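**Student:** Handing over target.json, JSON, C-alpha atoms and all ligand atoms.
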```json
[["chain", "number", "residue", "atom", "x", "y", "z"],
["F", 155, "MET", "CA", 83.54, 129.11, 135.95],
["F", 156, "LEU", "CA", 83.92, 129.48, 132.22],
["F", 157, "LYS", "CA", 84.80, 133.12, 132.72],
["F", 158, "LEU", "CA", 87.44, 132.19, 135.29],
["F", 159, "PHE", "CA", 88.87, 129.63, 132.89],
["F", 160, "LYS", "CA", 89.09, 132.27, 130.18],
["F", 161, "ILE", "CA", 90.89, 134.66, 132.48],
["F", 162, "VAL", "CA", 93.37, 132.00, 133.55],
["F", 163, "PHE", "CA", 93.93, 131.00, 129.94],
["F", 164, "PHE", "CA", 94.51, 134.59, 128.92],
["F", 165, "ILE", "CA", 97.03, 135.18, 131.73],
["F", 166, "ASN", "CA", 98.84, 131.99, 130.81],
["F", 167, "CYS", "CA", 99.16, 133.12, 127.20],
["F", 168, "THR", "CA", 100.37, 136.55, 128.26],
["F", 169, "VAL", "CA", 102.98, 135.21, 130.62],
["F", 170, "PHE", "CA", 104.32, 132.26, 128.69],
["F", 171, "ALA", "CA", 103.84, 133.05, 125.03],
["F", 172, "GLN", "CA", 106.00, 136.16, 125.01],
["F", 173, "PHE", "CA", 109.75, 136.37, 125.06],
["F", 174, "SER", "CA", 112.26, 139.14, 125.67],
["F", 175, "PRO", "CA", 110.95, 142.37, 124.01],
["F", 176, "ILE", "CA", 112.62, 145.12, 121.96],
["F", 177, "ILE", "CA", 115.45, 147.36, 123.18],
["F", 178, "GLY", "CA", 114.25, 149.80, 125.80],
["F", 179, "GLU", "CA", 111.39, 147.69, 127.10],
["F", 180, "GLN", "CA", 111.43, 146.04, 130.49],
["F", 181, "GLY", "CA", 112.75, 142.49, 130.34],
["F", 182, "CYS", "CA", 114.88, 143.00, 127.22],
["F", 183, "ILE", "CA", 117.96, 140.78, 127.46],
["F", 184, "ALA", "CA", 119.98, 142.21, 124.54],
["F", 185, "ILE", "CA", 123.56, 143.19, 125.41],
["F", 186, "HIS", "CA", 125.14, 146.25, 123.81],
["F", 187, "MET", "CA", 128.49, 145.81, 122.03],
["F", 188, "ASP", "CA", 130.16, 148.28, 124.45],
["F", 189, "SER", "CA", 129.27, 146.23, 127.53],
["F", 190, "PRO", "CA", 132.29, 145.42, 129.72],
["F", 191, "LEU", "CA", 130.94, 141.87, 129.81],
["F", 192, "PHE", "CA", 132.59, 141.16, 126.46],
["F", 193, "VAL", "CA", 136.15, 140.00, 126.98],
["F", 194, "ASN", "CA", 136.83, 138.77, 123.46],
["F", 195, "TRP", "CA", 135.39, 138.35, 119.95],
["F", 196, "ALA", "CA", 135.33, 135.51, 117.42],
["F", 197, "GLU", "CA", 138.51, 135.67, 115.30],
["F", 198, "GLU", "CA", 138.74, 132.37, 113.41],
["F", 199, "GLY", "CA", 136.12, 130.61, 111.31],
["F", 200, "GLU", "CA", 134.83, 129.39, 107.97],
["F", 201, "VAL", "CA", 131.66, 129.94, 105.98],
["F", 202, "ASP", "CA", 129.43, 127.51, 104.10],
["F", 203, "ARG", "CA", 127.36, 129.85, 101.96],
["F", 204, "GLY", "CA", 123.67, 129.27, 101.31],
["F", 205, "TRP", "CA", 121.49, 129.88, 98.26],
["F", 206, "MET", "CA", 120.22, 133.27, 97.18],
["F", 207, "ASN", "CA", 116.88, 131.47, 96.92],
["F", 208, "ILE", "CA", 116.64, 127.86, 97.99],
["F", 209, "ALA", "CA", 113.54, 127.48, 95.77],
["F", 210, "ASP", "CA", 115.50, 128.57, 92.66],
["F", 211, "THR", "CA", 119.07, 127.34, 92.93],
["F", 212, "THR", "CA", 119.84, 128.51, 89.37],
["F", 213, "LEU", "CA", 120.47, 131.93, 90.96],
["F", 214, "GLY", "CA", 123.46, 130.44, 92.74],
["F", 215, "LYS", "CA", 124.74, 131.15, 96.21],
["F", 216, "VAL", "CA", 125.18, 134.45, 98.01],
["F", 217, "THR", "CA", 128.59, 136.07, 97.75],
["F", 218, "PHE", "CA", 128.41, 139.10, 100.01],
["F", 219, "GLY", "CA", 131.04, 139.49, 102.71],
["F", 220, "GLU", "CA", 134.03, 137.44, 103.79],
["F", 221, "ILE", "CA", 134.47, 135.34, 106.91],
["F", 222, "ASP", "CA", 136.67, 137.99, 108.52],
["F", 223, "PHE", "CA", 133.79, 140.47, 108.27],
["F", 224, "ALA", "CA", 132.41, 138.52, 111.25],
["F", 225, "TYR", "CA", 135.63, 138.83, 113.26],
["F", 226, "GLY", "CA", 136.29, 141.32, 116.02],
["F", 227, "VAL", "CA", 133.95, 143.94, 117.44],
["F", 228, "PRO", "CA", 130.64, 144.74, 115.69],
["F", 229, "ASP", "CA", 131.12, 147.11, 112.74],
["F", 230, "PRO", "CA", 129.42, 147.82, 109.40],
["F", 231, "ALA", "CA", 131.11, 144.78, 107.75],
["F", 232, "VAL", "CA", 128.93, 141.67, 107.73],
["F", 233, "LEU", "CA", 128.93, 138.17, 106.26],
["F", 234, "SER", "CA", 125.70, 137.16, 104.46],
["F", 235, "LEU", "CA", 124.84, 133.49, 104.93],
["F", 236, "GLY", "CA", 122.11, 133.01, 102.29],
["F", 237, "ASP", "CA", 119.25, 130.49, 102.60],
["F", 238, "GLY", "CA", 120.36, 127.79, 105.04],
["F", 239, "GLY", "CA", 124.01, 128.89, 104.94],
["F", 240, "SER", "CA", 126.21, 128.65, 108.01],
["F", 241, "ALA", "CA", 129.43, 129.94, 109.54],
["F", 242, "SER", "CA", 131.48, 128.08, 112.13],
["F", 243, "PHE", "CA", 133.91, 129.68, 114.54],
["F", 244, "PHE", "CA", 136.80, 128.15, 116.47],
["F", 245, "PHE", "CA", 137.99, 129.31, 119.88],
["F", 246, "GLU", "CA", 141.46, 128.26, 120.97],
["F", 247, "ASN", "CA", 140.61, 129.51, 124.45],
["F", 248, "THR", "CA", 137.36, 127.66, 125.04],
["F", 249, "LEU", "CA", 134.18, 129.18, 126.44],
["F", 250, "PHE", "CA", 132.78, 128.09, 129.78],
["F", 251, "ASP", "CA", 129.40, 128.24, 131.46],
["F", 252, "GLY", "CA", 129.73, 131.13, 133.89],
["F", 253, "GLU", "CA", 126.87, 132.82, 135.72],
["F", 254, "GLY", "CA", 124.30, 134.14, 133.23],
["F", 255, "TYR", "CA", 124.96, 134.57, 129.51],
["F", 256, "ASP", "CA", 128.20, 133.25, 128.03],
["F", 257, "PHE", "CA", 128.32, 134.78, 124.54],
["F", 258, "ALA", "CA", 126.21, 136.88, 122.18],
["F", 259, "VAL", "CA", 125.61, 137.00, 118.41],
["F", 260, "PHE", "CA", 125.34, 140.30, 116.49],
["F", 261, "GLU", "CA", 123.38, 140.85, 113.25],
["F", 262, "ASN", "CA", 123.06, 144.12, 111.28],
["F", 263, "ALA", "CA", 119.31, 144.85, 111.41],
["F", 264, "PHE", "CA", 118.85, 148.62, 111.17],
["F", 265, "ASP", "CA", 115.79, 148.70, 113.42],
["F", 266, "ALA", "CA", 113.82, 146.51, 115.81],
["F", 267, "TYR", "CA", 111.48, 145.02, 113.19],
["F", 268, "PHE", "CA", 113.36, 144.20, 109.96],
["F", 269, "LEU", "CA", 114.92, 141.06, 111.37],
["F", 270, "GLU", "CA", 116.68, 138.04, 109.91],
["F", 271, "LEU", "CA", 117.20, 134.99, 112.08],
["F", 272, "ALA", "CA", 119.69, 132.21, 112.66],
["F", 273, "PHE", "CA", 119.98, 129.08, 114.80],
["F", 274, "VAL", "CA", 122.95, 128.89, 117.14],
["F", 275, "GLU", "CA", 124.86, 125.67, 117.80],
["F", 276, "VAL", "CA", 127.92, 124.87, 119.90],
["F", 277, "SER", "CA", 130.41, 122.03, 120.14],
["F", 278, "SER", "CA", 133.25, 121.02, 122.45],
["F", 279, "ASP", "CA", 134.90, 118.66, 119.93],
["F", 280, "GLY", "CA", 134.20, 120.26, 116.53],
["F", 281, "GLU", "CA", 132.05, 117.29, 115.46],
["F", 282, "ASN", "CA", 129.05, 117.04, 117.75],
["F", 283, "PHE", "CA", 127.11, 120.28, 117.55],
["F", 284, "VAL", "CA", 124.13, 120.96, 119.81],
["F", 285, "ARG", "CA", 121.55, 123.58, 118.85],
["F", 286, "PHE", "CA", 120.10, 125.97, 121.43],
["F", 287, "GLU", "CA", 116.42, 125.36, 121.97],
["F", 288, "SER", "CA", 114.73, 127.99, 119.78],
["F", 289, "GLN", "CA", 111.16, 129.23, 119.70],
["F", 290, "SER", "CA", 109.17, 131.12, 117.07],
["F", 291, "ILE", "CA", 105.48, 131.83, 117.62],
["F", 292, "THR", "CA", 105.17, 134.13, 114.59],
["F", 293, "SER", "CA", 101.94, 133.31, 112.71],
["F", 294, "ILE", "CA", 102.47, 131.11, 109.65],
["F", 295, "GLU", "CA", 99.13, 131.92, 108.01],
["F", 296, "ALA", "CA", 100.84, 134.06, 105.38],
["F", 297, "GLN", "CA", 104.43, 134.00, 104.15],
["F", 298, "LEU", "CA", 106.37, 137.07, 105.31],
["F", 299, "GLY", "CA", 107.92, 138.79, 102.27],
["F", 300, "SER", "CA", 111.41, 140.23, 101.86],
["F", 301, "PHE", "CA", 110.64, 143.47, 103.68],
["F", 302, "ASP", "CA", 107.99, 142.36, 106.16],
["F", 303, "LEU", "CA", 108.36, 142.80, 109.89],
["F", 304, "LEU", "CA", 108.93, 140.43, 112.79],
["F", 305, "ALA", "CA", 107.94, 140.84, 116.44],
["F", 306, "THR", "CA", 110.91, 140.42, 118.79],
["F", 307, "GLU", "CA", 108.76, 139.09, 121.65],
["F", 308, "GLU", "CA", 107.61, 136.19, 119.44],
["F", 309, "LEU", "CA", 111.18, 134.87, 119.09],
["F", 310, "HIS", "CA", 113.46, 133.13, 121.56],
["F", 311, "ASN", "CA", 117.05, 131.87, 121.35],
["F", 312, "LEU", "CA", 117.32, 132.83, 117.69],
["F", 313, "ALA", "CA", 120.25, 135.09, 116.74],
["F", 314, "GLY", "CA", 119.16, 138.27, 114.98],
["F", 315, "LYS", "CA", 116.23, 139.11, 117.22],
["F", 316, "TYR", "CA", 117.87, 142.45, 118.11],
["F", 317, "PRO", "CA", 119.15, 145.28, 115.87],
["F", 318, "ALA", "CA", 122.75, 146.15, 114.98],
["F", 319, "GLN", "CA", 125.14, 146.71, 117.90],
["F", 320, "TRP", "CA", 122.88, 144.68, 120.21],
["F", 321, "GLY", "CA", 123.81, 141.07, 120.79],
["F", 322, "THR", "CA", 121.39, 138.19, 121.27],
["F", 323, "PRO", "CA", 122.83, 136.40, 124.34],
["F", 324, "PHE", "CA", 123.08, 132.64, 124.89],
["F", 325, "ASP", "CA", 123.57, 130.71, 128.14],
["F", 326, "LEU", "CA", 125.53, 127.45, 127.86],
["F", 327, "ASN", "CA", 123.89, 126.24, 131.05],
["F", 328, "GLU", "CA", 120.74, 125.50, 128.99],
["F", 329, "LEU", "CA", 122.72, 122.73, 127.28],
["F", 330, "SER", "CA", 123.94, 121.03, 130.46],
["F", 331, "ILE", "CA", 121.82, 117.92, 129.82],
["F", 332, "HIS", "CA", 123.71, 117.07, 126.61],
["F", 333, "SER", "CA", 126.33, 114.46, 127.47],
["F", 334, "GLU", "CA", 128.09, 114.91, 124.10],
["F", 335, "LEU", "CA", 128.94, 118.46, 125.10],
["F", 336, "ASP", "CA", 131.32, 119.86, 127.72],
["F", 337, "ILE", "CA", 129.69, 123.21, 128.44],
["F", 338, "ASN", "CA", 132.85, 124.35, 130.23],
["F", 339, "ALA", "CA", 135.07, 123.74, 127.19],
["F", 340, "ILE", "CA", 133.13, 125.01, 124.15],
["F", 341, "SER", "CA", 135.54, 125.25, 121.21],
["F", 342, "HIS", "CA", 133.10, 125.93, 118.34],
["F", 343, "ILE", "CA", 130.06, 128.13, 117.70],
["F", 344, "ARG", "CA", 128.04, 127.66, 114.51],
["F", 345, "ILE", "CA", 125.48, 130.14, 113.17],
["F", 346, "VAL", "CA", 122.91, 128.61, 110.77],
["F", 347, "ASP", "CA", 120.54, 130.76, 108.68],
["F", 348, "VAL", "CA", 116.83, 130.16, 109.24],
["F", 349, "VAL", "CA", 115.13, 129.60, 105.86],
["F", 350, "GLY", "CA", 112.04, 131.72, 106.41],
["F", 351, "SER", "CA", 109.80, 129.88, 103.93],
["F", 352, "VAL", "CA", 106.60, 128.39, 105.33],
["F", 353, "ASP", "CA", 106.47, 125.97, 102.36],
["F", 354, "PRO", "CA", 107.16, 122.50, 103.84],
["F", 355, "LEU", "CA", 109.57, 121.88, 100.93],
["F", 356, "TYR", "CA", 111.99, 124.46, 102.31],
["F", 357, "ALA", "CA", 110.80, 125.34, 105.82],
["F", 358, "THR", "CA", 112.95, 125.28, 108.94],
["F", 359, "TYR", "CA", 111.52, 124.59, 112.39],
["F", 360, "ASP", "CA", 111.99, 125.71, 115.97],
["F", 361, "SER", "CA", 112.70, 123.21, 118.73],
["F", 362, "PHE", "CA", 108.99, 122.55, 119.18],
["F", 363, "GLY", "CA", 108.44, 121.64, 115.53],
["F", 364, "ARG", "CA", 106.83, 124.98, 114.64],
["F", 365, "THR", "CA", 107.56, 126.38, 111.20],
["F", 366, "ILE", "CA", 109.58, 129.61, 111.47],
["F", 367, "ASN", "CA", 108.05, 132.37, 109.32],
["F", 368, "GLU", "CA", 110.71, 134.93, 108.45],
["F", 369, "PRO", "CA", 111.12, 137.42, 105.55],
["F", 370, "TRP", "CA", 111.59, 135.26, 102.45],
["F", 371, "PRO", "CA", 112.66, 135.00, 99.71],
["F", 372, "THR", "CA", 115.70, 137.24, 100.06],
["F", 373, "ALA", "CA", 117.10, 136.53, 96.61],
["F", 374, "PHE", "CA", 120.02, 138.92, 96.50],
["F", 375, "GLU", "CA", 123.75, 138.84, 97.23],
["F", 376, "GLN", "CA", 123.15, 140.00, 100.81],
["F", 377, "GLY", "CA", 120.40, 137.39, 101.32],
["F", 378, "GLY", "CA", 119.87, 135.55, 104.58],
["F", 379, "PHE", "CA", 121.33, 136.20, 108.00],
["F", 380, "ASP", "CA", 123.96, 138.94, 108.00],
["F", 381, "LEU", "CA", 126.47, 137.99, 110.67],
["F", 382, "ASP", "CA", 128.37, 140.91, 112.16],
["F", 383, "ALA", "CA", 130.20, 139.52, 115.21],
["F", 384, "ILE", "CA", 130.20, 137.07, 118.10],
["F", 385, "GLY", "CA", 131.06, 138.49, 121.51],
["F", 386, "VAL", "CA", 132.53, 136.20, 124.18],
["F", 387, "ILE", "CA", 131.63, 136.71, 127.84],
["F", 388, "HIS", "CA", 133.06, 133.64, 129.61],
["F", 389, "GLN", "CA", 136.37, 132.36, 128.24],
["F", 390, "ASN", "CA", 138.90, 130.02, 129.83],
["F", 391, "LEU", "CA", 142.54, 130.79, 130.56],
["F", 392, "LEU", "CA", 142.65, 134.42, 129.63],
["F", 393, "SER", "CA", 145.92, 135.82, 130.84],
["F", 394, "ILE", "CA", 145.95, 139.06, 132.76],
["F", 395, "ASP", "CA", 146.72, 142.31, 131.00],
["F", 396, "GLU", "CA", 150.48, 142.14, 130.35],
["F", 397, "HIS", "CA", 150.80, 145.86, 129.85],
["F", 398, "SER", "CA", 149.37, 146.74, 133.20],
["F", 399, "GLU", "CA", 151.65, 148.06, 135.92],
["F", 400, "VAL", "CA", 149.52, 146.17, 138.39],
["F", 401, "LEU", "CA", 149.91, 142.47, 139.04],
["F", 402, "ILE", "CA", 146.72, 140.89, 140.30],
["F", 403, "TYR", "CA", 147.07, 137.27, 141.36],
["F", 404, "PRO", "CA", 146.15, 134.49, 141.30],
["F", 405, "ASN", "CA", 143.93, 134.74, 138.20],
["F", 406, "PRO", "CA", 141.88, 132.55, 137.78],
["F", 407, "VAL", "CA", 141.19, 132.56, 141.50],
["F", 408, "SER", "CA", 138.95, 130.44, 143.69],
["F", 409, "MET", "CA", 135.98, 132.09, 145.37],
["F", 410, "GLU", "CA", 137.33, 131.11, 148.80],
["F", 411, "SER", "CA", 140.79, 132.57, 148.11],
["F", 412, "VAL", "CA", 142.46, 135.86, 148.78],
["F", 413, "LEU", "CA", 143.23, 138.04, 145.77],
["F", 414, "ARG", "CA", 146.50, 139.97, 146.04],
["F", 415, "PHE", "CA", 147.94, 143.01, 144.28],
["F", 416, "ASN", "CA", 151.42, 144.13, 143.45],
["F", 417, "SER", "CA", 151.67, 147.68, 142.21],
["F", 418, "SER", "CA", 154.37, 150.35, 142.16],
["F", 419, "SER", "CA", 151.76, 153.10, 142.56],
["F", 420, "PRO", "CA", 148.70, 153.37, 144.81],
["F", 421, "ILE", "CA", 145.50, 151.83, 143.51],
["F", 422, "LYS", "CA", 142.30, 153.78, 144.07],
["F", 423, "ASN", "CA", 138.55, 153.42, 143.56],
["F", 424, "MET", "CA", 138.50, 149.69, 142.98],
["F", 425, "LYS", "CA", 135.24, 148.21, 141.74],
["F", 426, "LEU", "CA", 134.18, 144.66, 140.92],
["F", 427, "ILE", "CA", 131.73, 144.27, 138.01],
["F", 428, "ASP", "CA", 129.84, 140.99, 137.66],
["F", 429, "ALA", "CA", 128.35, 139.23, 134.63],
["F", 430, "PHE", "CA", 125.15, 141.24, 134.91],
["F", 431, "GLY", "CA", 127.03, 144.55, 134.95],
["F", 432, "ARG", "CA", 126.39, 145.08, 138.67],
["F", 433, "ILE", "CA", 129.11, 147.14, 140.34],
["F", 434, "GLN", "CA", 130.45, 146.77, 143.90],
["F", 435, "ASP", "CA", 132.95, 149.11, 145.52],
["F", 436, "ILE", "CA", 135.90, 147.17, 146.91],
["F", 437, "ASP", "CA", 137.58, 148.26, 150.11],
["F", 438, "PHE", "CA", 141.16, 146.99, 150.25],
["F", 439, "ASN", "CA", 144.82, 147.55, 151.09],
["F", 440, "THR", "CA", 146.82, 144.83, 149.40],
["F", 441, "GLU", "CA", 144.42, 141.92, 149.34],
["F", 442, "ILE", "CA", 140.74, 141.11, 148.92],
["F", 443, "TYR", "CA", 138.86, 138.35, 150.68],
["F", 444, "LEU", "CA", 136.69, 137.42, 147.71],
["F", 445, "SER", "CA", 134.05, 135.60, 149.72],
["F", 446, "GLN", "CA", 133.01, 139.00, 151.12],
["F", 447, "TYR", "CA", 132.05, 140.16, 147.64],
["F", 448, "VAL", "CA", 131.15, 137.23, 145.41],
["F", 449, "SER", "CA", 128.68, 134.40, 145.73],
["F", 450, "TRP", "CA", 129.07, 132.72, 142.35],
["F", 451, "LYS", "CA", 131.75, 131.67, 139.91],
["F", 452, "GLY", "CA", 132.34, 133.30, 136.56],
["F", 453, "LEU", "CA", 133.99, 136.14, 134.77],
["F", 454, "TYR", "CA", 134.27, 139.50, 136.50],
["F", 455, "VAL", "CA", 135.91, 142.78, 135.60],
["F", 456, "LEU", "CA", 138.06, 144.65, 138.12],
["F", 457, "GLU", "CA", 138.12, 148.38, 137.56],
["F", 458, "TYR", "CA", 140.51, 150.71, 139.38],
["F", 459, "GLU", "CA", 142.41, 153.96, 139.08],
["F", 460, "ILE", "CA", 146.17, 154.22, 139.09],
["F", 461, "LEU", "CA", 148.12, 157.45, 138.49],
["F", 462, "GLY", "CA", 144.83, 159.13, 137.61],
["F", 463, "GLU", "CA", 143.97, 156.62, 134.88],
["F", 464, "LYS", "CA", 141.12, 154.14, 134.87],
["F", 465, "ASN", "CA", 142.12, 150.51, 134.21],
["F", 466, "ARG", "CA", 140.16, 147.32, 133.75],
["F", 467, "GLN", "CA", 141.26, 143.73, 134.10],
["F", 468, "LYS", "CA", 139.41, 140.47, 133.64],
["F", 469, "LEU", "CA", 139.15, 138.25, 136.69],
["F", 470, "ILE", "CA", 138.01, 134.65, 136.50],
["F", 471, "ILE", "CA", 136.57, 133.37, 139.76],
["F", 472, "ARG", "CA", 136.22, 129.61, 140.05],
["F", 501, "CA", "CA", 126.09, 130.56, 131.59],
["F", 502, "CA", "CA", 116.91, 133.47, 106.39],
["F", 503, "CA", "CA", 131.55, 142.69, 111.52]]
```
What do you get writing this file as C-alpha cells?
Ligand SMILES: [Ca+2]
Ligand SMILES: [Ca+2]
Ligand SMILES: [Ca+2]

**Tutor:**
Amino acid sequence: MLKLFKIVFFINCTVFAQFSPIIGEQGCIAIHMDSPLFVNWAEEGEVDRGWMNIADTTLGKVTFGEIDFAYGVPDPAVLSLGDGGSASFFFENTLFDGEGYDFAVFENAFDAYFLELAFVEVSSDGENFVRFESQSITSIEAQLGSFDLLATEELHNLAGKYPAQWGTPFDLNELSIHSELDINAISHIRIVDVVGSVDPLYATYDSFGRTINEPWPTAFEQGGFDLDAIGVIHQNLLSIDEHSEVLIYPNPVSMESVLRFNSSSPIKNMKLIDAFGRIQDIDFNTEIYLSQYVSWKGLYVLEYEILGEKNRQKLIIR
C-alpha cells in the first residue's frame, strides 16, 4: 500500500509540478516571432524604471534602452526594467479573448537557461490591472546569482521563460472571473520585473505565495527584465488590407455567415489558418460558407494566391 502511495505521489508530482518545457521539447507553448498568428505589435507605452539593485538604491536606477525599443517586431533593441521596474503599453485597438493565446511577450535571453522573468498584467480601463496567475517552483534554498540558470519547466505564466525571438504566450480567458476586467476589450498590458531576491525584504511572489528565485542581484545598467516586444494575436476592429486588390467581406464576420470576395483577377489556393497555426484548404468560387470550416470564434488568417503572388489577410470570425 505504501509503495502504491509512493508511485501515485510520484506520478502526481511529475504530471502537475512541471510546466511547458524548452523550445524543441514536446508540449512547449512558445510562439516564434515569425508566426502568422501575430497581427500586430505594441507601439505605444511608458516605462517606470526599477533599481539597479533594490538592496542598494545608492546605485540609482537602470538606464538602458528606451520605451520604443519595445515597440514593433522583436529585434536586438530591448528596454531594461531594473529591479521591480515596469512598462505599460496602450492599445487603441483593444485585444479580445479569442480561441487560445491572445498575445505574447518577448525577452532577449540568448539561450534556454539564462532567463530573467516578469509578471504580466492587463487592464480594460487603464486603472484596474489584473495579474496573470504565475507559478515558480524553482528551489529557494540558495539565492541564484547574476549568471545562474533557471529551468523553464519550473515556471508558468511568467514572461521571459523562453529565449529571444520566442514569445511567452498569455490567454485572456484565464482572467474571465475578474469582474473589473473586460477580457474582450483589453486596452493595457503591463510588464513588471520579478525581483529575484529570496530575502523577504525584497522578494516577489508567485500567485501561490511562493518566493520566486531568479538571478539576482543584476546591478548593472541592463539589469532586470529586458523587454524586446509584445506580439498581439487577437485584436478588435482591424481593417482589412487596404492595398490588396481583393475585397473580402464582411470582416469581422459571424461564424454562421457567408464570406464573399470581390477580385479583378482569379484567386487560387485559398487556405484558412487558425489561431493554432492549423491550415485548411478552402474550396470556393465567390463565397465561403464559414460554418463548413470553422467551429470557434477568433482571429484567422486567409492565405491565397493572386497573379502568382501569395497574399495574407486577417479575418476576424465572431
Ligand atoms: Ca484566449
Ligand atoms: Ca528581475
Ligand atoms: Ca525590441

**Student:** What do you get as an NGL selection string if you pick all residues at most 6 Å from ligand CA 503 (chain F), counting all atoms listed in the file?

**Tutor:** :F and (223-225 or 228-232 or 382-383)

**Student:** F:Asn262, F:Asn465, F:Asn338, F:Thr365: which is nearest F:Asp325, counting only C-alpha atoms?

**Tutor:**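 Selected residue with least distance to F:Asp325: F:Asn338.
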
**Student:** Ligand CA 502 (chain F): which residues are within 9 Å, counting only C-alpha atoms and all ligand atoms, as JSON, numbers by chain?

**Tutor:** {"F": [235, 236, 237, 238, 239, 270, 271, 272, 346, 347, 348, 349, 350, 351, 368, 369, 370, 371, 372, 377, 378, 379]}

**Student:** Kindly provide, as a ChimeraX atom specification, all nucleotide and amino acid residues lying within 9 Å of ligand CA 501 (chain F), counting only C-alpha atoms and all ligand atoms.

**Tutor:** /F:250-257,324-328,337,388,452

**Student:** Just to confirm, what's the straight-line distance from atom CA of F:Gly199 to atom CA of F:Phe286 in Å (one decimal)?

**Tutor:**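 Pair atom CA of F:Gly199 / atom CA of F:Phe286 returns 19.5 Å.
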
**Student:** Closest to F:Leu269 among F:Ala241, F:Leu298, F:Ile208, F:Ile291, using only C-alpha atoms?

**Tutor:**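 Under the stated criterion, the closest residue is F:Leu298.
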
**Student:** Distance atom CA of F:Asn405-atom CA of F:Gln467, one decimal place?

**Tutor:**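 Atom CA of F:Gln467 lies at a distance of 10.2 Å from atom CA of F:Asn405.
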
**Student:** For F:Asp360, which residue among F:Leu249, F:Ile183, F:Val274, F:Leu213 is the nearest when counting all atoms listed in the file?

**Tutor:**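 So, comparing all the options, the nearest one is F:Val274.
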
**Student:** Nearest to F:Asn390: which of F:Leu312, F:Leu329, F:Ile471, F:Leu444 is it, counting only C-alpha atoms?

**Tutor:**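 For F:Asn390, the nearest of the given residues is F:Ile471.
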
**Student:** Rebuild N, CA and C atoms on stretch 329-344 of chain F, as a CSV table (one decimal), in the coordinates of the input?

**Tutor:**
```csv
chain,number,residue,atom,x,y,z
F,329,LEU,N,122.3,123.9,128.0
F,329,LEU,CA,122.7,122.7,127.3
F,329,LEU,C,123.4,121.7,128.2
F,330,SER,N,123.2,121.9,129.5
F,330,SER,CA,123.9,121.0,130.5
F,330,SER,C,123.5,119.6,130.4
F,331,ILE,N,122.3,119.3,129.9
F,331,ILE,CA,121.8,117.9,129.8
F,331,ILE,C,122.4,117.1,128.7
F,332,HIS,N,123.2,117.8,127.8
F,332,HIS,CA,123.7,117.1,126.6
F,332,HIS,C,125.1,116.5,126.9
F,333,SER,N,125.1,115.1,127.0
F,333,SER,CA,126.3,114.5,127.5
F,333,SER,C,127.4,114.6,126.4
F,334,GLU,N,127.1,114.8,125.1
F,334,GLU,CA,128.1,114.9,124.1
F,334,GLU,C,128.8,116.3,124.1
F,335,LEU,N,128.4,117.1,125.1
F,335,LEU,CA,128.9,118.5,125.1
F,335,LEU,C,129.6,118.7,126.5
F,336,ASP,N,130.8,119.4,126.5
F,336,ASP,CA,131.3,119.9,127.7
F,336,ASP,C,131.1,121.4,127.7
F,337,ILE,N,130.1,121.8,128.5
F,337,ILE,CA,129.7,123.2,128.4
F,337,ILE,C,130.7,124.1,129.1
F,338,ASN,N,131.8,123.5,129.7
F,338,ASN,CA,132.8,124.4,130.2
F,338,ASN,C,134.1,124.3,129.3
F,339,ALA,N,133.9,123.8,128.1
F,339,ALA,CA,135.1,123.7,127.2
F,339,ALA,C,134.5,123.8,125.8
F,340,ILE,N,133.7,124.8,125.5
F,340,ILE,CA,133.1,125.0,124.2
F,340,ILE,C,134.2,125.6,123.2
F,341,SER,N,134.5,124.8,122.1
F,341,SER,CA,135.5,125.2,121.2
F,341,SER,C,135.0,125.8,119.9
F,342,HIS,N,133.7,125.5,119.6
F,342,HIS,CA,133.1,125.9,118.3
F,342,HIS,C,131.7,126.5,118.5
F,343,ILE,N,131.4,127.6,117.8
F,343,ILE,CA,130.1,128.1,117.7
F,343,ILE,C,129.7,128.2,116.2
F,344,ARG,N,128.5,127.7,115.9
F,344,ARG,CA,128.0,127.7,114.5
F,344,ARG,C,126.7,128.4,114.4
```
